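Novice: Please find final32.tsv (TSV, C-alpha atoms) on the next line:
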```
chain	number	residue	atom	x	y	z
A	1	MET	CA	-16.38	48.23	-26.89
A	2	GLU	CA	-12.75	47.58	-27.78
A	3	VAL	CA	-11.96	46.89	-24.14
A	4	LEU	CA	-14.67	44.23	-24.00
A	5	GLN	CA	-13.37	42.61	-27.18
A	6	THR	CA	-9.81	42.54	-25.78
A	7	ILE	CA	-11.05	40.96	-22.55
A	8	LEU	CA	-12.97	38.29	-24.50
A	9	GLU	CA	-9.91	37.49	-26.66
A	10	ASN	CA	-7.69	37.16	-23.60
A	11	ALA	CA	-10.26	35.03	-21.78
A	12	GLY	CA	-10.56	32.75	-24.81
A	13	SER	CA	-6.83	32.18	-25.00
A	14	LEU	CA	-6.66	31.56	-21.23
A	15	VAL	CA	-9.48	29.00	-21.39
A	16	VAL	CA	-7.87	27.18	-24.33
A	17	GLY	CA	-4.43	27.22	-22.69
A	18	GLY	CA	-5.82	26.07	-19.33
A	19	GLY	CA	-7.93	23.39	-21.00
A	20	LEU	CA	-4.93	22.00	-22.84
A	21	LYS	CA	-2.93	21.97	-19.61
A	22	VAL	CA	-5.71	20.11	-17.76
A	23	LEU	CA	-6.05	17.64	-20.65
A	24	SER	CA	-2.28	17.06	-20.65
A	25	ALA	CA	-2.32	16.52	-16.88
A	26	LEU	CA	-5.15	13.97	-17.24
A	27	ILE	CA	-3.15	12.14	-19.91
A	28	LEU	CA	-0.09	12.20	-17.62
A	29	TRP	CA	-2.22	10.81	-14.75
A	30	TYR	CA	-3.66	8.06	-16.97
A	31	VAL	CA	-0.27	7.02	-18.35
A	32	GLY	CA	1.25	7.21	-14.86
A	33	THR	CA	-1.40	4.95	-13.32
A	34	ARG	CA	-0.95	2.44	-16.16
A	35	LEU	CA	2.83	2.48	-15.68
A	36	ILE	CA	2.38	1.96	-11.93
A	37	ALA	CA	0.07	-1.00	-12.58
A	38	PHE	CA	2.60	-2.44	-15.02
A	39	ALA	CA	5.47	-1.95	-12.54
A	40	LEU	CA	3.45	-3.66	-9.81
A	41	GLN	CA	2.73	-6.61	-12.13
A	42	LEU	CA	6.44	-6.89	-12.95
A	43	LEU	CA	7.30	-6.76	-9.25
A	44	ASN	CA	4.67	-9.36	-8.45
A	45	SER	CA	5.75	-11.77	-11.19
A	46	SER	CA	9.45	-11.42	-10.42
A	47	LEU	CA	9.00	-11.85	-6.66
A	48	LYS	CA	6.70	-14.85	-7.06
A	49	ARG	CA	9.54	-16.70	-8.78
A	50	THR	CA	11.67	-16.32	-5.66
A	51	THR	CA	11.24	-18.06	-2.32
A	52	ILE	CA	9.96	-14.89	-0.64
A	53	GLU	CA	7.02	-15.58	1.62
A	54	PRO	CA	3.59	-14.38	0.40
A	55	THR	CA	3.32	-12.14	3.46
A	56	LEU	CA	6.29	-10.12	2.29
A	57	LEU	CA	4.97	-10.02	-1.28
A	58	VAL	CA	1.75	-8.28	-0.27
A	59	TYR	CA	3.62	-5.96	2.07
A	60	LEU	CA	6.15	-4.94	-0.59
A	61	GLN	CA	3.48	-4.44	-3.25
A	62	SER	CA	1.42	-2.19	-0.97
A	63	THR	CA	4.43	-0.10	0.00
A	64	VAL	CA	5.69	0.30	-3.58
A	65	SER	CA	2.18	1.18	-4.78
A	66	VAL	CA	1.77	3.96	-2.21
A	67	LEU	CA	5.22	5.40	-2.93
A	68	LEU	CA	4.74	5.38	-6.72
A	69	ASN	CA	1.34	7.06	-6.40
A	70	ILE	CA	2.86	9.83	-4.25
A	71	VAL	CA	5.56	10.36	-6.91
A	72	LEU	CA	2.85	10.53	-9.59
A	73	ILE	CA	0.87	13.15	-7.64
A	74	VAL	CA	4.00	15.27	-7.19
A	75	ALA	CA	4.76	14.94	-10.92
A	76	VAL	CA	1.26	16.08	-11.91
A	77	LEU	CA	1.46	19.03	-9.53
A	78	GLY	CA	4.89	19.90	-10.96
A	79	PHE	CA	3.35	19.77	-14.44
A	80	PHE	CA	0.88	22.47	-13.38
A	81	GLY	CA	3.80	24.63	-12.27
A	82	ILE	CA	3.30	24.16	-8.55
A	83	GLU	CA	6.68	24.33	-6.83
A	84	THR	CA	7.33	20.75	-5.70
A	85	THR	CA	9.91	21.68	-3.06
A	86	SER	CA	7.31	23.66	-1.16
A	87	PHE	CA	4.93	20.78	-1.76
A	88	ALA	CA	7.41	18.40	-0.14
A	89	ALA	CA	7.49	20.62	2.95
A	90	LEU	CA	3.71	20.79	2.91
A	91	LEU	CA	3.56	17.02	2.57
A	92	ALA	CA	5.84	16.64	5.59
A	93	VAL	CA	3.65	18.95	7.67
A	94	ALA	CA	0.53	17.11	6.50
A	95	GLY	CA	2.23	13.84	7.39
A	96	VAL	CA	2.84	15.02	10.94
A	97	ALA	CA	-0.75	16.24	11.27
A	98	ILE	CA	-2.19	13.06	9.81
A	99	GLY	CA	0.19	11.00	11.94
A	100	ALA	CA	-1.05	12.72	15.07
A	101	ALA	CA	-4.66	12.27	14.03
A	102	TRP	CA	-4.21	8.68	12.91
A	103	SER	CA	-1.82	7.48	15.58
A	104	GLY	CA	-3.82	4.28	15.90
A	105	LEU	CA	-3.42	3.58	12.19
A	106	LEU	CA	0.32	4.14	12.45
A	107	ALA	CA	0.36	1.75	15.40
A	108	HIS	CA	-1.28	-0.86	13.14
A	109	PHE	CA	1.34	-0.18	10.45
A	110	ALA	CA	4.21	-0.52	12.94
A	111	ALA	CA	2.67	-3.71	14.33
A	112	GLY	CA	2.44	-5.05	10.76
A	113	VAL	CA	6.14	-4.36	10.28
A	114	PHE	CA	6.92	-6.20	13.52
A	115	LEU	CA	4.68	-9.12	12.54
A	116	VAL	CA	6.60	-9.47	9.29
A	117	ILE	CA	10.01	-9.12	10.97
A	118	PHE	CA	9.46	-11.28	14.06
A	119	ARG	CA	7.12	-13.78	12.31
A	120	PRO	CA	5.14	-15.18	15.21
A	121	PHE	CA	3.13	-16.88	12.47
A	122	CYS	CA	3.11	-17.15	8.69
A	123	VAL	CA	0.49	-17.23	5.97
A	124	GLY	CA	-1.19	-20.63	6.14
A	125	ASP	CA	-0.59	-21.15	9.89
A	126	PHE	CA	-3.48	-22.13	12.15
A	127	VAL	CA	-3.48	-19.68	15.07
A	128	THR	CA	-5.50	-17.95	17.74
A	129	ALA	CA	-4.75	-14.24	17.43
A	130	GLY	CA	-6.73	-11.22	18.56
A	131	GLY	CA	-9.42	-13.48	19.95
A	132	VAL	CA	-9.99	-15.22	16.60
A	133	THR	CA	-9.03	-18.81	15.78
A	134	GLY	CA	-8.35	-19.77	12.20
A	135	THR	CA	-5.87	-19.93	9.34
A	136	ILE	CA	-3.82	-16.85	8.43
A	137	ARG	CA	-4.73	-15.79	4.89
A	138	GLU	CA	-2.81	-12.52	4.63
A	139	ILE	CA	-0.70	-10.17	6.74
A	140	GLY	CA	-1.17	-6.71	5.26
A	141	LEU	CA	0.11	-3.22	6.01
A	142	PHE	CA	-2.55	-2.48	8.61
A	143	VAL	CA	-4.63	-5.63	9.06
A	144	THR	CA	-4.32	-9.41	9.11
A	145	THR	CA	-6.95	-11.63	7.50
A	146	ILE	CA	-7.88	-14.90	9.18
A	147	ASP	CA	-10.22	-17.58	7.80
A	148	THR	CA	-12.04	-19.17	10.74
A	149	LEU	CA	-13.14	-22.79	11.09
A	150	ASP	CA	-16.76	-21.86	10.34
A	151	ASN	CA	-15.63	-20.37	7.00
A	152	VAL	CA	-15.79	-16.71	8.01
A	153	ARG	CA	-13.08	-14.35	6.82
A	154	THR	CA	-12.13	-12.07	9.72
A	155	ILE	CA	-10.01	-8.95	9.39
A	156	ILE	CA	-8.12	-7.95	12.54
A	157	ALA	CA	-6.04	-4.84	13.12
A	158	ASN	CA	-2.33	-5.69	13.37
A	159	ASN	CA	-1.93	-3.75	16.62
A	160	THR	CA	-4.65	-5.89	18.21
A	161	ILE	CA	-2.77	-9.05	17.25
A	162	PHE	CA	0.65	-7.72	18.22
A	163	SER	CA	-0.47	-6.47	21.63
A	164	ASP	CA	-2.54	-9.57	22.46
A	165	THR	CA	-1.63	-13.16	23.24
A	166	THR	CA	-1.15	-15.28	20.14
A	167	SER	CA	-1.04	-19.06	20.15
A	168	SER	CA	-0.17	-21.42	17.35
A	169	PRO	CA	-1.01	-25.02	18.26
A	170	GLY	CA	1.67	-27.46	17.21
A	171	LYS	CA	4.24	-24.80	16.29
A	172	LYS	CA	7.59	-25.29	17.97
A	173	THR	CA	9.69	-22.28	18.87
A	174	ASN	CA	12.88	-21.52	16.92
A	175	ALA	CA	11.94	-24.05	14.26
A	176	LEU	CA	12.61	-23.36	10.60
A	177	ARG	CA	9.90	-24.92	8.46
A	178	LEU	CA	8.33	-24.80	5.01
A	179	THR	CA	4.80	-23.51	4.53
A	180	LYS	CA	2.33	-25.32	2.29
A	181	ASP	CA	3.58	-23.16	-0.65
A	182	ASN	CA	7.22	-24.16	0.03
A	183	HIS	CA	8.20	-20.81	1.56
A	184	LEU	CA	10.57	-20.63	4.51
A	185	CYS	CA	8.99	-19.58	7.79
A	186	PHE	CA	10.61	-19.31	11.20
```
Would you kindly transcribe this structure into structure tokens?
Specialist:
Amino acid sequence: MEVLQTILENAGSLVVGGGLKVLSALILWYVGTRLIAFALQLLNSSLKRTTIEPTLLVYLQSTVSVLLNIVLIVAVLGFFGIETTSFAALLAVAGVAIGAAWSGLLAHFAAGVFLVIFRPFCVGDFVTAGGVTGTIREIGLFVTTIDTLDNVRTIIANNTIFSDTTSSPGKKTNALRLTKDNHLCF
């Protein structure tokens, strides 16, 4: 009987301790997500005051958001006492496995980087890209959004655009120009 009472007392203290730890982790997650949202708003407002092109704004915001969320996940796991150095190695291995499985997605990401660097077109340009003709609305991490003439928003994978022929009627090569929002575009 005494053994059963000891087991129940120990189980009660374990449940209370574990419950407090889970509650604290949930509070950490909530505060962390709010801080990430606040940081992204600060980044957005500060970058909008500069002459950075909207394409780069969306790209930077997406990248910073992903990185901050990974840091938050590692922090929550560290709070539970999980060794974060081994988690970093596990994350690297998972990254290789996911990279091999999602090689097409990584190709879209790389193509998005090249679209931002080489700038064959900018947000607001009228183009034919990936078999779709319309106005570029957004160049994202993995996809580009085009509004067509018949008012249809089309989302095209960046690798499709980068590996296909793209034409921009009326755009001269090597010309520096301002977009409709007064951003520099090459």
Novice: Rounded to one decimal, what separation in Å do you get between CA of Gly32 (chain A) and CA of Val58 (chain A)?
Specialist: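 Interatomic distance, CA of Gly32 (chain A) to CA of Val58 (chain A): 21.3 Å.
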Novice: Leaving out region 91-96 of chain A and any residue of its chain fewer than 5 positions from it, which residues lie within 12 Å of it when counting only C-alpha atoms, given as a PDB file with C-alpha atoms, keeping the file's coordinate frame?
Specialist:
```
ATOM      1  CA  ILE A  70       2.860   9.830  -4.250  1.00  0.00           C
ATOM      2  CA  VAL A  71       5.560  10.360  -6.910  1.00  0.00           C
ATOM      3  CA  ILE A  73       0.870  13.150  -7.640  1.00  0.00           C
ATOM      4  CA  VAL A  74       4.000  15.270  -7.190  1.00  0.00           C
ATOM      5  CA  THR A  84       7.330  20.750  -5.700  1.00  0.00           C
ATOM      6  CA  THR A  85       9.910  21.680  -3.060  1.00  0.00           C
ATOM      7  CA  SER A  86       7.310  23.660  -1.160  1.00  0.00           C
ATOM      8  CA  ALA A 101      -4.660  12.270  14.030  1.00  0.00           C
ATOM      9  CA  TRP A 102      -4.210   8.680  12.910  1.00  0.00           C
ATOM     10  CA  SER A 103      -1.820   7.480  15.580  1.00  0.00           C
ATOM     11  CA  LEU A 106       0.320   4.140  12.450  1.00  0.00           C
TER      12      LEU A 106
END
```
Novice: Report as a PyMOL selection string all protein, DNA and RNA residues lying within 9 Å of Thr55 (chain A), evaluated on only C-alpha atoms, omitting residues in the same chain fewer than 2 positions from it.
Specialist: chain A and resi 52-53+57-60+116+122-123+137-140
Novice: What gap, in Å, lies between CA of Gly130 (chain A) and CA of Pro169 (chain A)?
Specialist: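 Those two atoms sit 14.9 Å apart.
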Novice: What is the CA of Leu26 (chain A)-CA of Leu40 (chain A) distance in Å, reported with one decimal?
Specialist: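 Separation between CA of Leu26 (chain A) and CA of Leu40 (chain A): 21.0 Å.
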Novice: For Gly131 (chain A), which residue among A:Ser24, A:Phe80, A:Ala111, A:Ile156 is the nearest when counting all atoms listed in the file?
Specialist: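 Of the candidates, the smallest distance to Gly131 (chain A) is held by A:Ile156.
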